[in-house]
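final_30.cif follows; it contains mmCIF, C-alpha atoms.
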data_model
#
loop_
_atom_site.label_atom_id
_atom_site.label_comp_id
_atom_site.auth_asym_id
_atom_site.auth_seq_id
_atom_site.Cartn_x
_atom_site.Cartn_y
_atom_site.Cartn_z
CA MET K 398 0.00 0.00 0.00
CA ALA K 399 1.40 3.38 -1.02
CA SER K 400 2.36 5.79 1.72
CA GLN K 401 0.38 9.02 1.96
CA TRP K 402 3.70 10.84 1.59
CA GLU K 403 4.55 9.30 -1.78
CA PRO K 404 3.83 11.37 -4.92
CA LEU K 405 0.79 10.35 -6.95
CA LEU K 406 1.16 7.48 -9.40
CA GLY K 407 2.82 8.74 -12.56
CA THR K 408 4.45 11.73 -10.88
CA ALA K 409 7.83 12.05 -9.19
CA ASP K 410 9.83 14.24 -6.85
CA ILE K 411 13.09 15.39 -8.42
CA ALA K 412 15.93 16.16 -6.02
CA GLU K 413 19.72 16.34 -5.93
CA PRO K 414 21.69 14.80 -7.50
CA GLU K 415 19.12 13.88 -10.21
CA VAL K 416 18.01 17.48 -10.59
CA ARG K 417 21.51 18.36 -11.83
CA GLU K 418 20.81 16.17 -14.88
CA TRP K 419 17.64 18.15 -15.55
CA VAL K 420 19.40 21.49 -15.20
CA PHE K 421 22.19 20.33 -17.51
CA VAL K 422 19.76 19.39 -20.32
CA GLU K 423 17.68 22.54 -19.83
CA ASN K 424 20.77 24.74 -19.94
CA GLN K 425 22.02 23.03 -23.10
CA ALA K 426 18.64 23.65 -24.72
CA ARG K 427 18.60 27.35 -23.81
CA ALA K 428 22.16 27.87 -25.04
CA LEU K 429 21.73 26.00 -28.33
CA PHE K 430 18.29 27.20 -29.39
CA SER K 431 19.32 30.82 -28.91
CA ARG K 432 22.12 30.25 -31.44
CA TYR K 433 19.41 29.47 -34.01
CA GLY K 434 17.45 32.61 -33.19
CA TYR K 435 14.83 31.08 -30.85
CA GLY K 436 13.63 32.97 -27.77
CA GLU K 437 12.00 31.40 -24.73
CA LEU K 438 8.21 31.50 -24.31
CA ARG K 439 6.46 30.40 -21.11
CA THR K 440 2.76 29.60 -21.36
CA PRO K 441 0.27 28.56 -18.64
CA VAL K 442 0.01 24.89 -17.72
CA ILE K 443 -3.78 25.26 -17.84
CA GLU K 444 -5.73 26.35 -20.93
CA ARG K 445 -9.28 26.38 -22.22
CA THR K 446 -10.08 22.85 -23.35
CA ASP K 447 -10.99 24.06 -26.85
CA VAL K 448 -7.38 25.09 -27.43
CA PHE K 449 -6.43 21.40 -27.46
CA VAL K 450 -9.60 19.90 -28.94
CA ARG K 451 -9.51 22.33 -31.88
CA GLY K 452 -5.73 22.31 -32.17
CA LEU K 453 -4.89 18.62 -31.81
CA GLY K 454 -7.99 17.04 -33.33
CA ASP K 455 -10.96 15.65 -31.43
CA GLU K 456 -10.27 12.08 -32.56
CA THR K 457 -6.67 11.91 -31.33
CA ASP K 458 -5.91 9.62 -28.40
CA VAL K 459 -4.63 12.61 -26.46
CA VAL K 460 -7.98 14.40 -26.65
CA LYS K 461 -10.24 11.35 -26.37
CA LYS K 462 -8.51 9.44 -23.58
CA GLU K 463 -5.54 11.20 -22.01
CA MET K 464 -6.34 14.83 -21.11
CA TYR K 465 -6.93 16.04 -17.56
CA THR K 466 -10.03 18.15 -18.09
CA PHE K 467 -12.30 19.70 -15.48
CA GLU K 468 -14.66 22.61 -14.91
CA ASP K 469 -13.30 25.67 -13.14
CA ARG K 470 -15.22 27.90 -10.74
CA GLY K 471 -16.45 30.01 -13.63
CA GLY K 472 -18.04 26.99 -15.31
CA ARG K 473 -15.41 26.87 -18.06
CA SER K 474 -13.96 23.60 -19.33
CA VAL K 475 -10.21 23.78 -18.74
CA THR K 476 -7.38 21.31 -19.32
CA LEU K 477 -3.89 20.75 -17.99
CA ARG K 478 -1.74 21.02 -21.08
CA PRO K 479 -0.99 17.61 -22.62
CA GLU K 480 1.59 19.05 -25.06
CA GLY K 481 3.26 22.36 -25.82
CA THR K 482 2.45 23.38 -29.39
CA ALA K 483 -1.23 24.31 -29.08
CA GLY K 484 -0.62 26.64 -26.13
CA VAL K 485 2.37 28.22 -27.85
CA MET K 486 0.28 28.86 -30.98
CA ARG K 487 -2.47 30.36 -28.84
CA ALA K 488 0.07 32.70 -27.21
CA ILE K 489 1.57 33.77 -30.54
CA ALA K 490 -1.88 34.40 -32.01
CA ASN K 491 -2.72 36.45 -28.93
CA GLN K 492 0.41 38.57 -29.41
CA GLY K 493 -0.33 38.99 -33.12
CA LEU K 494 1.59 37.67 -36.10
CA ALA K 495 1.77 39.79 -39.24
CA GLU K 496 1.48 38.24 -42.70
CA GLY K 497 4.89 36.86 -43.70
CA GLU K 498 6.38 37.42 -40.22
CA GLU K 499 8.39 34.58 -38.70
CA ARG K 500 8.46 33.88 -34.97
CA ARG K 501 10.91 31.44 -33.41
CA VAL K 502 10.29 30.31 -29.84
CA PHE K 503 11.28 27.49 -27.52
CA TYR K 504 9.61 26.25 -24.37
CA MET K 505 10.14 23.76 -21.57
CA GLY K 506 8.05 22.60 -18.67
CA PRO K 507 5.56 20.05 -17.33
CA MET K 508 2.83 18.43 -19.42
CA PHE K 509 0.03 16.13 -18.23
CA ARG K 510 -1.54 13.02 -19.75
CA GLY K 511 -3.60 10.27 -18.15
CA GLU K 512 -1.48 7.47 -19.58
CA ARG K 513 -0.45 4.22 -17.93
CA PRO K 514 2.93 5.04 -16.33
CA ALA K 515 5.98 3.32 -17.82
CA ALA K 516 9.71 3.90 -18.09
CA GLY K 517 10.22 7.45 -19.30
CA ARG K 518 6.45 8.00 -19.53
CA ARG K 519 4.73 9.67 -16.59
CA ARG K 520 1.37 11.34 -16.07
CA GLN K 521 3.23 14.53 -15.28
CA PHE K 522 6.11 14.60 -17.71
CA HIS K 523 8.33 17.35 -19.02
CA GLN K 524 9.11 18.52 -22.54
CA VAL K 525 11.51 20.85 -24.21
CA GLY K 526 10.38 22.00 -27.65
CA VAL K 527 10.67 24.60 -30.38
CA GLU K 528 8.33 26.22 -32.89
CA ALA K 529 9.20 28.26 -35.99
CA VAL K 530 5.92 29.91 -36.94
CA GLY K 531 4.72 31.95 -39.91
CA ARG K 532 6.65 30.57 -42.88
CA ALA K 533 6.70 27.33 -44.83
CA ALA K 534 9.84 26.21 -46.66
CA PRO K 535 11.62 22.87 -47.08
CA LEU K 536 14.88 24.43 -45.89
CA LEU K 537 13.24 25.62 -42.67
CA ASP K 538 11.97 22.08 -42.01
CA ALA K 539 15.46 20.69 -42.63
CA GLU K 540 17.06 23.31 -40.38
CA CYS K 541 14.63 22.42 -37.58
CA ILE K 542 15.51 18.74 -37.92
CA ALA K 543 19.23 19.53 -37.97
CA MET K 544 18.80 21.63 -34.82
CA LEU K 545 17.15 18.69 -33.05
CA LEU K 546 20.09 16.43 -33.87
CA HIS K 547 22.50 19.19 -32.83
CA PHE K 548 20.68 19.46 -29.50
CA LEU K 549 20.87 15.70 -28.96
CA GLU K 550 24.61 15.82 -29.64
CA GLU K 551 25.01 18.65 -27.11
CA VAL K 552 23.38 16.51 -24.40
CA GLY K 553 25.51 13.48 -25.25
CA ILE K 554 23.06 11.50 -27.40
CA ALA K 555 24.60 11.23 -30.84
CA ASP K 556 23.52 7.70 -31.78
CA GLY K 557 19.78 8.09 -32.35
CA GLU K 558 18.25 7.27 -35.73
CA LEU K 559 16.31 9.97 -37.60
CA LEU K 560 13.13 8.81 -39.36
CA VAL K 561 11.31 11.13 -41.80
CA ASN K 562 8.11 10.98 -43.84
CA SER K 563 5.35 13.21 -45.17
CA ARG K 564 1.70 13.57 -44.13
CA GLY K 565 0.92 15.51 -47.30
CA THR K 566 -1.73 18.25 -47.33
CA ALA K 567 -5.44 18.38 -46.56
CA ASP K 568 -6.14 17.80 -50.25
CA ASP K 569 -4.34 14.45 -50.06
CA ARG K 570 -6.29 13.15 -47.08
CA PRO K 571 -9.52 11.78 -48.63
CA ALA K 572 -7.85 9.59 -51.24
CA ALA K 573 -5.14 8.45 -48.82
CA ALA K 574 -7.71 7.61 -46.14
CA ALA K 575 -9.75 5.62 -48.66
CA ALA K 576 -6.69 3.58 -49.68
CA LEU K 577 -5.80 2.87 -46.05
CA LYS K 578 -9.36 1.76 -45.28
CA GLU K 579 -9.31 -0.55 -48.27
CA HIS K 580 -6.11 -2.13 -46.98
CA PHE K 581 -7.20 -2.53 -43.35
CA THR K 582 -10.76 -3.76 -43.98
CA PRO K 583 -9.85 -7.47 -44.31
CA HIS K 584 -7.69 -7.27 -41.13
CA LEU K 585 -10.17 -5.54 -38.80
CA ALA K 586 -11.25 -8.61 -36.83
CA GLY K 587 -7.66 -9.26 -35.69
CA LEU K 588 -6.79 -5.70 -34.74
CA CYS K 589 -6.86 -4.09 -31.31
CA GLU K 590 -9.86 -2.16 -30.01
CA ASP K 591 -8.14 1.21 -30.57
CA CYS K 592 -7.37 0.35 -34.20
CA ARG K 593 -10.97 -0.69 -34.86
CA ARG K 594 -12.12 2.64 -33.44
CA ARG K 595 -9.52 4.56 -35.44
CA PHE K 596 -10.66 2.80 -38.60
CA GLU K 597 -13.94 4.71 -38.29
CA THR K 598 -12.66 8.01 -36.90
CA ASN K 599 -9.06 8.54 -38.07
CA VAL K 600 -7.60 5.73 -40.14
CA TRP K 601 -4.17 7.43 -40.36
CA ARG K 602 -3.69 6.83 -36.65
CA MET K 603 -3.79 3.08 -37.21
CA LEU K 604 -0.27 3.36 -38.62
CA ASP K 605 0.92 4.73 -35.26
CA CYS K 606 -0.32 1.72 -33.25
CA LYS K 607 2.36 -0.05 -31.18
CA VAL K 608 0.35 -3.19 -30.33
CA GLU K 609 2.30 -6.23 -31.50
CA GLY K 610 -0.77 -8.00 -32.90
CA CYS K 611 -1.42 -5.11 -35.28
CA GLN K 612 2.10 -4.86 -36.68
CA GLU K 613 1.76 -7.34 -39.55
CA ALA K 614 -1.24 -5.48 -40.97
CA ILE K 615 0.55 -2.14 -40.53
CA ARG K 616 3.72 -3.38 -42.26
CA GLY K 617 1.65 -4.36 -45.26
CA ALA K 618 -0.12 -0.99 -45.50
CA PRO K 619 0.57 1.22 -48.50
CA ALA K 620 3.43 3.69 -48.12
CA ILE K 621 2.03 7.15 -47.37
CA MET K 622 4.21 8.73 -50.03
CA ASP K 623 2.53 6.60 -52.70
CA LEU K 624 -0.84 8.08 -51.69
CA LEU K 625 0.14 11.74 -51.95
CA GLY K 626 -0.24 14.23 -54.76
CA ALA K 627 2.52 15.78 -56.86
CA GLU K 628 2.78 18.92 -54.71
CA SER K 629 3.35 16.96 -51.51
CA LYS K 630 5.84 14.62 -53.15
CA ALA K 631 7.80 17.59 -54.48
CA TYR K 632 7.84 19.30 -51.08
CA PHE K 633 9.12 16.15 -49.36
CA ALA K 634 11.77 15.61 -52.03
CA ALA K 635 12.95 19.17 -51.43
CA VAL K 636 13.16 18.57 -47.66
CA CYS K 637 15.23 15.44 -48.24
CA ALA K 638 17.51 17.33 -50.62
CA CYS K 639 18.03 20.00 -47.94
CA LEU K 640 18.86 17.32 -45.36
CA ASP K 641 21.36 15.83 -47.80
CA GLY K 642 22.87 19.30 -48.30
CA LEU K 643 23.20 19.71 -44.52
CA LYS K 644 24.78 16.24 -44.31
CA VAL K 645 22.04 15.03 -41.96
CA PRO K 646 21.68 11.22 -42.02
CA TYR K 647 18.09 9.95 -42.11
CA ARG K 648 15.88 7.04 -43.12
CA VAL K 649 12.52 7.45 -44.82
CA ASP K 650 9.91 5.54 -42.80
CA PRO K 651 6.98 5.17 -45.23
CA ARG K 652 4.42 4.66 -42.44
CA LEU K 653 5.52 7.31 -39.96
CA VAL K 654 2.54 9.61 -39.28
CA ARG K 655 3.01 10.91 -35.69
CA GLY K 656 0.09 10.99 -33.30
CA LEU K 657 -1.56 14.40 -33.74
CA ASP K 658 -3.89 15.57 -36.47
CA TYR K 659 -2.33 18.99 -37.05
CA TYR K 660 0.65 17.64 -39.01
CA GLU K 661 1.02 18.30 -42.73
CA HIS K 662 3.97 17.71 -45.05
CA THR K 663 7.13 16.82 -43.08
CA VAL K 664 7.01 14.58 -40.01
CA PHE K 665 10.07 13.22 -38.24
CA GLU K 666 11.11 11.22 -35.21
CA VAL K 667 14.38 10.24 -33.52
CA VAL K 668 14.43 6.76 -32.03
CA HIS K 669 16.99 5.39 -29.60
CA SER K 670 17.80 1.82 -28.56
CA GLY K 671 18.35 2.82 -24.92
CA LEU K 672 14.61 3.41 -24.38
CA GLY K 673 13.29 -0.12 -24.87
CA ALA K 674 10.15 -0.92 -26.87
CA GLN K 675 8.79 2.64 -26.67
CA ASN K 676 11.89 3.96 -28.40
CA ALA K 677 10.82 7.41 -29.60
CA LEU K 678 13.18 10.00 -28.12
CA ALA K 679 11.89 13.16 -29.82
CA GLY K 680 9.79 14.11 -32.80
CA GLY K 681 7.82 16.73 -34.61
CA GLY K 682 7.03 18.09 -38.02
CA ARG K 683 5.29 20.76 -40.02
CA TYR K 684 1.74 21.58 -38.99
CA ALA K 685 -1.36 23.64 -39.70
CA LEU K 686 -3.06 24.20 -36.37
CA PHE K 687 -6.54 25.69 -35.97
CA LEU K 688 -7.35 27.71 -32.86
CA PRO K 689 -10.84 28.20 -31.40
CA GLY K 690 -12.83 30.86 -33.24
CA SER K 691 -10.54 30.93 -36.28
CA ASP K 692 -10.88 29.31 -39.70
CA ARG K 693 -7.36 30.30 -40.65
CA PRO K 694 -4.65 27.86 -39.51
CA VAL K 695 -1.42 28.90 -37.84
CA ARG K 696 1.41 27.19 -39.71
CA GLY K 697 4.82 26.28 -38.43
CA VAL K 698 7.37 23.57 -37.88
CA GLY K 699 8.75 22.31 -34.59
CA PHE K 700 9.65 19.41 -32.37
CA ALA K 701 9.41 18.30 -28.76
CA ALA K 702 11.58 15.99 -26.68
CA GLY K 703 10.60 14.43 -23.38
CA LEU K 704 13.12 15.31 -20.69
CA GLU K 705 12.55 12.03 -18.85
CA ARG K 706 13.29 10.12 -22.05
CA LEU K 707 16.40 12.19 -22.76
CA LEU K 708 17.69 11.35 -19.29
CA LEU K 709 17.00 7.64 -19.82
CA ALA K 710 18.95 7.73 -23.08
CA ARG K 711 21.83 9.59 -21.42
CA ALA K 712 21.89 7.05 -18.61
CA SER K 713 21.99 4.16 -21.10
CA LEU K 714 25.07 5.77 -22.63
CA GLY K 715 26.77 6.45 -19.29
CA GLN K 716 26.37 10.18 -19.82
CA ALA K 717 25.32 11.19 -16.29
CA ALA K 718 26.23 14.71 -15.22
CA ALA K 719 28.57 15.24 -12.30
CA GLY K 720 27.11 14.58 -8.87
CA THR K 721 26.20 17.23 -6.37
CA PRO K 722 29.30 19.38 -5.80
CA GLY K 723 30.75 19.59 -2.32
CA MET K 724 30.91 22.85 -0.43
CA ASP K 725 33.95 25.05 -0.83
CA VAL K 726 34.00 26.02 2.83
CA PHE K 727 32.57 24.93 6.16
CA LEU K 728 32.92 27.37 9.07
CA VAL K 729 33.55 25.73 12.44
CA SER K 730 32.71 28.02 15.36
CA LEU K 731 33.78 27.43 18.97
CA GLY K 732 31.70 29.57 21.28
CA GLU K 733 28.99 32.22 20.98
CA ARG K 734 31.37 34.97 19.81
CA ALA K 735 32.62 32.78 17.00
CA LEU K 736 29.09 31.80 15.93
CA ALA K 737 28.17 35.45 15.39
CA ALA K 738 31.45 36.34 13.67
CA SER K 739 31.25 33.31 11.38
CA GLN K 740 27.87 34.39 10.01
CA LEU K 741 29.41 37.67 8.87
CA LEU K 742 32.38 35.84 7.33
CA ALA K 743 30.04 33.35 5.61
CA ALA K 744 28.11 36.23 4.03
CA GLU K 745 31.36 37.80 2.78
CA LEU K 746 32.56 34.53 1.26
CA ARG K 747 29.21 33.86 -0.44
CA HIS K 748 29.28 37.33 -2.00
CA ALA K 749 32.75 36.40 -3.28
CA GLY K 750 31.16 33.45 -5.12
CA LEU K 751 32.01 30.56 -2.78
CA ARG K 752 29.72 27.73 -1.63
CA VAL K 753 29.67 28.09 2.14
CA LEU K 754 28.01 26.40 5.12
CA ALA K 755 28.45 27.68 8.66
CA GLU K 756 27.67 26.15 12.04
CA THR K 757 24.52 27.63 13.59
CA THR K 758 23.91 25.75 16.86
CA GLY K 759 27.24 25.52 18.69
CA ARG K 760 27.86 21.76 18.56
CA SER K 761 31.16 20.22 19.61
CA MET K 762 34.15 20.64 17.33
CA LYS K 763 34.10 16.89 16.58
CA ALA K 764 30.46 17.09 15.44
CA GLN K 765 31.19 20.14 13.30
CA MET K 766 34.16 18.45 11.62
CA ARG K 767 31.97 15.42 10.83
CA ALA K 768 29.45 17.83 9.26
CA ALA K 769 32.24 19.33 7.14
CA ASP K 770 33.12 15.82 5.91
CA ARG K 771 29.49 15.01 5.05
CA VAL K 772 29.18 18.06 2.78
CA ARG K 773 32.63 17.33 1.25
CA ALA K 774 33.97 20.76 2.16
CA ARG K 775 37.33 21.51 0.58
CA TYR K 776 38.34 23.87 3.38
CA THR K 777 37.26 24.15 6.99
CA LEU K 778 37.66 27.53 8.69
CA ILE K 779 38.03 27.26 12.45
CA ARG K 780 37.58 30.10 14.92
CA GLY K 781 37.37 30.29 18.67
CA ASP K 782 38.20 33.00 21.19
CA ASN K 783 41.95 32.79 20.52
CA GLU K 784 41.50 33.33 16.76
CA LEU K 785 39.00 36.15 17.33
CA ASP K 786 41.34 37.92 19.74
CA GLY K 787 44.23 37.54 17.30
CA GLY K 788 42.23 38.60 14.22
CA THR K 789 42.94 35.33 12.40
CA VAL K 790 41.12 32.33 10.96
CA LEU K 791 42.59 28.82 11.01
CA CYS K 792 42.14 27.48 7.46
CA LYS K 793 42.32 23.70 7.15
CA ALA K 794 42.67 22.00 3.76
CA MET K 795 40.56 18.86 4.08
CA ALA K 796 42.52 16.98 1.41
CA ASP K 797 45.80 16.89 3.35
CA GLY K 798 44.95 18.29 6.79
CA VAL K 799 47.35 21.24 6.50
CA GLN K 800 46.25 24.13 8.74
CA THR K 801 47.21 27.73 7.93
CA PRO K 802 46.43 30.79 10.05
CA VAL K 803 45.20 33.62 7.81
CA ALA K 804 44.34 37.21 8.72
CA ALA K 805 40.55 37.57 8.91
CA GLY K 806 40.48 40.33 6.30
CA GLU K 807 42.45 38.23 3.81
CA VAL K 808 40.53 34.94 4.04
CA ALA K 809 38.38 35.48 0.93
CA ALA K 810 41.36 36.28 -1.32
CA TRP K 811 43.39 33.42 0.20
CA LEU K 812 40.62 30.88 -0.46
CA LEU K 813 39.85 32.11 -3.97
CA ALA K 814 43.52 31.83 -4.97
CA ARG K 815 43.71 28.23 -3.80
CA LEU K 816 40.32 27.09 -5.04
CA MET K 817 40.87 28.57 -8.50
CA SER K 818 44.26 26.88 -8.77
CA GLY K 819 42.65 23.51 -8.20
#
How does this structure look as structure tokens?
Amino acid sequence: MASQWEPLLGTADIAEPEVREWVFVENQARALFSRYGYGELRTPVIERTDVFVRGLGDETDVVKKEMYTFEDRGGRSVTLRPEGTAGVMRAIANQGLAEGEERRVFYMGPMFRGERPAAGRRRQFHQVGVEAVGRAAPLLDAECIAMLLHFLEEVGIADGELLVNSRGTADDRPAAAAALKEHFTPHLAGLCEDCRRRFETNVWRMLDCKVEGCQEAIRGAPAIMDLLGAESKAYFAAVCACLDGLKVPYRVDPRLVRGLDYYEHTVFEVVHSGLGAQNALAGGGRYALFLPGSDRPVRGVGFAAGLERLLLARASLGQAAAGTPGMDVFLVSLGERALAASQLLAAELRHAGLRVLAETTGRSMKAQMRAADRVRARYTLIRGDNELDGGTVLCKAMADGVQTPVAAGEVAAWLLARLMSG
């Protein structure tokens, strides 16, 4: 039986040293995306439900089965965001986007889906993603894909496989859907319940099914590219040519469709062997997303990567960040006078940029030295009445035990010189 103090199923507390992994990946994202001209955008974790129903498609699994939706005190239907793109598009539309203007943004933060928890897949999970909005060009799609691979390299994951395909345009959908239905009709009795439902509501999504019993029928399905018109084929060929020009390795997956209805033209995914059966590490594509109250789609290209999945892939490659750093200094105080004086010295050293802990309760010297060991302090500064009367601080290097008396006014400079020299 779960303890009342445990986090809810599908959620997790994140503490040191694990949180250092999160900060490392987040910092790499901020640094890299800014090099490509993307600025950070932070949107609410809660939105009007219509933002997602209209944006993602009312027959997607996310909308039908996975969203956390409830009624607020004003009687409005609201939803905890299940993904980042729809809210980002809502924010950009709210700010205004002129005809022909391009907006590049990135985001990171928690998302929420009522899925069955699994490795790297939680009910509260976290994504980092980008959106380039307002223009459509094969080269922009290719640049976005190249940036994703660049980001994965920066976080130590350089061995994923890039899969690409096309969803075509809205004009391609009726004929393509008819061909897919023709193929799947003889197989319906042996397919999973979700696939039988998707056959009636969104046959494209059958290609995204991961149930083993459906795989033979999916493998025999027609390649999406063969069902598209000349315009879509030409656009995809141009994207592939741009990827070739950028020397980006990829494999065309003829049945890759991604799971959301807003995609058009390019779709892509990076898979990684370190994630097990659910091997998708990151993915995205070009989209035309409709917002509530608008008949004009917002178009863009982007991707999202799950932070939990990135960390699993890093762990499988032995790419863990350094553990929690030890303190630079621990201040040992012997007596009430020393306790007060050490607080002032601790403040001075922290303003100088050092990581400092100071005794606050007046324990024995032995107990304070054990505390210095536990926090892996590199130096221990010891003061009692004799040091206070003499205007000195006894500085002990914990690595070799050497103790050096230093004038109180020179301690910060003395420590910085030694810490910076290694």
With the PyMOL selection byres ((chain K and resi 784-795) around 12) as the selection, what would be picked from this file? Answer as a PyMOL selection string, please.
chain K and resi 723-739+742+766-767+769-783+796-809+811-812+815-816
Considering all atoms listed in the file, tabulate each residue of range 677-795 of chain K that lies at most 9 Å from range 470-483 of chain K along with its nearest interatomic pair and the corresponding distance in Å to one decimal; arrange the rows by chain and ascending residue number and present them as JSON lines.
{"residue": "K:Leu686", "atom": "CA", "partner": "K:Ala483", "partner_atom": "CA", "distance": 7.5}
{"residue": "K:Phe687", "atom": "CA", "partner": "K:Ala483", "partner_atom": "CA", "distance": 8.8}
{"residue": "K:Leu688", "atom": "CA", "partner": "K:Ala483", "partner_atom": "CA", "distance": 8.0}
{"residue": "K:Gly699", "atom": "CA", "partner": "K:Thr482", "partner_atom": "CA", "distance": 8.2}
{"residue": "K:Phe700", "atom": "CA", "partner": "K:Thr482", "partner_atom": "CA", "distance": 8.7}
{"residue": "K:Ala701", "atom": "CA", "partner": "K:Gly481", "partner_atom": "CA", "distance": 7.9}
Take the residues that were just selected and, keeping C-alpha atoms, output them as a short mmCIF file (atom, residue, chain, number, x, y, z; two decimals), keeping the file's coordinate frame.
data_model
loop_
_atom_site.label_atom_id
_atom_site.label_comp_id
_atom_site.auth_asym_id
_atom_site.auth_seq_id
_atom_site.Cartn_x
_atom_site.Cartn_y
_atom_site.Cartn_z
CA LEU K 686 -3.06 24.20 -36.37
CA PHE K 687 -6.54 25.69 -35.97
CA LEU K 688 -7.35 27.71 -32.86
CA GLY K 699 8.75 22.31 -34.59
CA PHE K 700 9.65 19.41 -32.37
CA ALA K 701 9.41 18.30 -28.76
#
When the PyMOL selection byres ((chain K and resi 640) around 12) is applied to the structure above, which residues does it catch, written out as a PyMOL selection string?
chain K and resi 535-544+546+559-561+633-639+641-649+663
By how many Å are CA of Glu418 in chain K and CA of Arg655 in chain K apart?
27.9 Å
Using all atoms listed in the file, what residues lie at most 9 Å away from (10.9, 12.7, -29.7) (file coordinates), given as an mmCIF file with C-alpha atoms, in the frame of the given file?
data_model
loop_
_atom_site.group_PDB
_atom_site.id
_atom_site.type_symbol
_atom_site.label_atom_id
_atom_site.label_comp_id
_atom_site.auth_asym_id
_atom_site.auth_seq_id
_atom_site.Cartn_x
_atom_site.Cartn_y
_atom_site.Cartn_z
ATOM 1 C CA PHE K 665 10.070 13.220 -38.240
ATOM 2 C CA GLU K 666 11.110 11.220 -35.210
ATOM 3 C CA VAL K 667 14.380 10.240 -33.520
ATOM 4 C CA VAL K 668 14.430 6.760 -32.030
ATOM 5 C CA ASN K 676 11.890 3.960 -28.400
ATOM 6 C CA ALA K 677 10.820 7.410 -29.600
ATOM 7 C CA LEU K 678 13.180 10.000 -28.120
ATOM 8 C CA ALA K 679 11.890 13.160 -29.820
ATOM 9 C CA GLY K 680 9.790 14.110 -32.800
ATOM 10 C CA GLY K 681 7.820 16.730 -34.610
ATOM 11 C CA PHE K 700 9.650 19.410 -32.370
ATOM 12 C CA ALA K 701 9.410 18.300 -28.760
ATOM 13 C CA ALA K 702 11.580 15.990 -26.680
ATOM 14 C CA GLY K 703 10.600 14.430 -23.380
ATOM 15 C CA ARG K 706 13.290 10.120 -22.050
ATOM 16 C CA LEU K 707 16.400 12.190 -22.760
#
May I ask for the distance between CA of Gly759 in chain K and CA of Pro414 in chain K, given in Å to one decimal place?
28.8 Å
CA of Glu463 in chain K and CA of Val698 in chain K, how far apart in Å?
23.9 Å
Would you list the contacts of range 522-529 of chain K as a PyMOL selection string, taking every protein, DNA or RNA residue within 7 Å and counting all atoms listed in the file, but skipping same-chain residues closer than 6 positions in sequence?
chain K and resi 499-509+697-705
So what does the PyMOL selection byres ((chain K and resi 743) around 8) actually pick up in this one, as a list of chain:residue names?
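So the PyMOL selection byres ((chain K and resi 743) around 8), applied here, picks out K:Leu728, K:Ser739, K:Gln740, K:Leu741, K:Leu742, K:Ala744, K:Glu745, K:Leu746, K:Arg747, K:Val753, K:Leu754, K:Ala755.
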Neighbours of range 610-612 of chain K within 9 Å (all atoms listed in the file; same-chain residues fewer than 6 positions away dropped), as an MDAnalysis selection string?
chainID K and resid 584 587:589 592 603:604
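Restricting the calculation to only C-alpha atoms, the smallest distance between Leu653 in chain K and any of K:Ala490, K:Ala412, K:Leu545, K:Ala618 is found for K:Ala618.
Among the candidate residues K:Ala567, K:Leu672, K:Ala426, K:Leu405, the one lying nearest to Gly626 in chain K is K:Ala567, with distances computed using all atoms listed in the file.
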Would you mind listing what lies within 10 Å of Phe596 in chain K as a list in words, with all atoms listed in the file counted and same-chain residues fewer than 5 positions away left out?
Ala574, Leu577, Lys578, Phe581, Thr582, Leu585, Glu590, Asp591, Trp601, Arg602 and Met603 of chain K
Only C-alpha atoms, please: the residues just picked out, written as a PDB file, in the frame of the given file.
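Below you can see selection-v2.pdb, which holds the result:
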ATOM      1  CA  ALA K 574      -7.710   7.610 -46.140  1.00  0.00           C
ATOM      2  CA  LEU K 577      -5.800   2.870 -46.050  1.00  0.00           C
ATOM      3  CA  LYS K 578      -9.360   1.760 -45.280  1.00  0.00           C
ATOM      4  CA  PHE K 581      -7.200  -2.530 -43.350  1.00  0.00           C
ATOM      5  CA  THR K 582     -10.760  -3.760 -43.980  1.00  0.00           C
ATOM      6  CA  LEU K 585     -10.170  -5.540 -38.800  1.00  0.00           C
ATOM      7  CA  GLU K 590      -9.860  -2.160 -30.010  1.00  0.00           C
ATOM      8  CA  ASP K 591      -8.140   1.210 -30.570  1.00  0.00           C
ATOM      9  CA  TRP K 601      -4.170   7.430 -40.360  1.00  0.00           C
ATOM     10  CA  ARG K 602      -3.690   6.830 -36.650  1.00  0.00           C
ATOM     11  CA  MET K 603      -3.790   3.080 -37.210  1.00  0.00           C
TER      12      MET K 603
END
Might I get the box with edges along x, y and z of the file that holds all atoms of range 745-763 of chain K listed there, padded by 6 Å on every side, given as centre and edge lengths in Å to one decimal, as lines of an AutoDock Vina configuration file?
center_x = 29.0
center_y = 27.3
center_z = 7.2
size_x = 22.2
size_y = 32.9
size_z = 36.7
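Using all atoms listed in the file, the smallest distance between any of K:Ile621, K:Ala614, K:Ala555, K:Ala516 and Arg570 in chain K comes from K:Ile621.
Between Arg432 in chain K and the candidates K:Arg417, K:Phe548, K:Val664, K:Asp455, the tightest atom-to-atom separation, counting all atoms listed in the file, involves K:Phe548.
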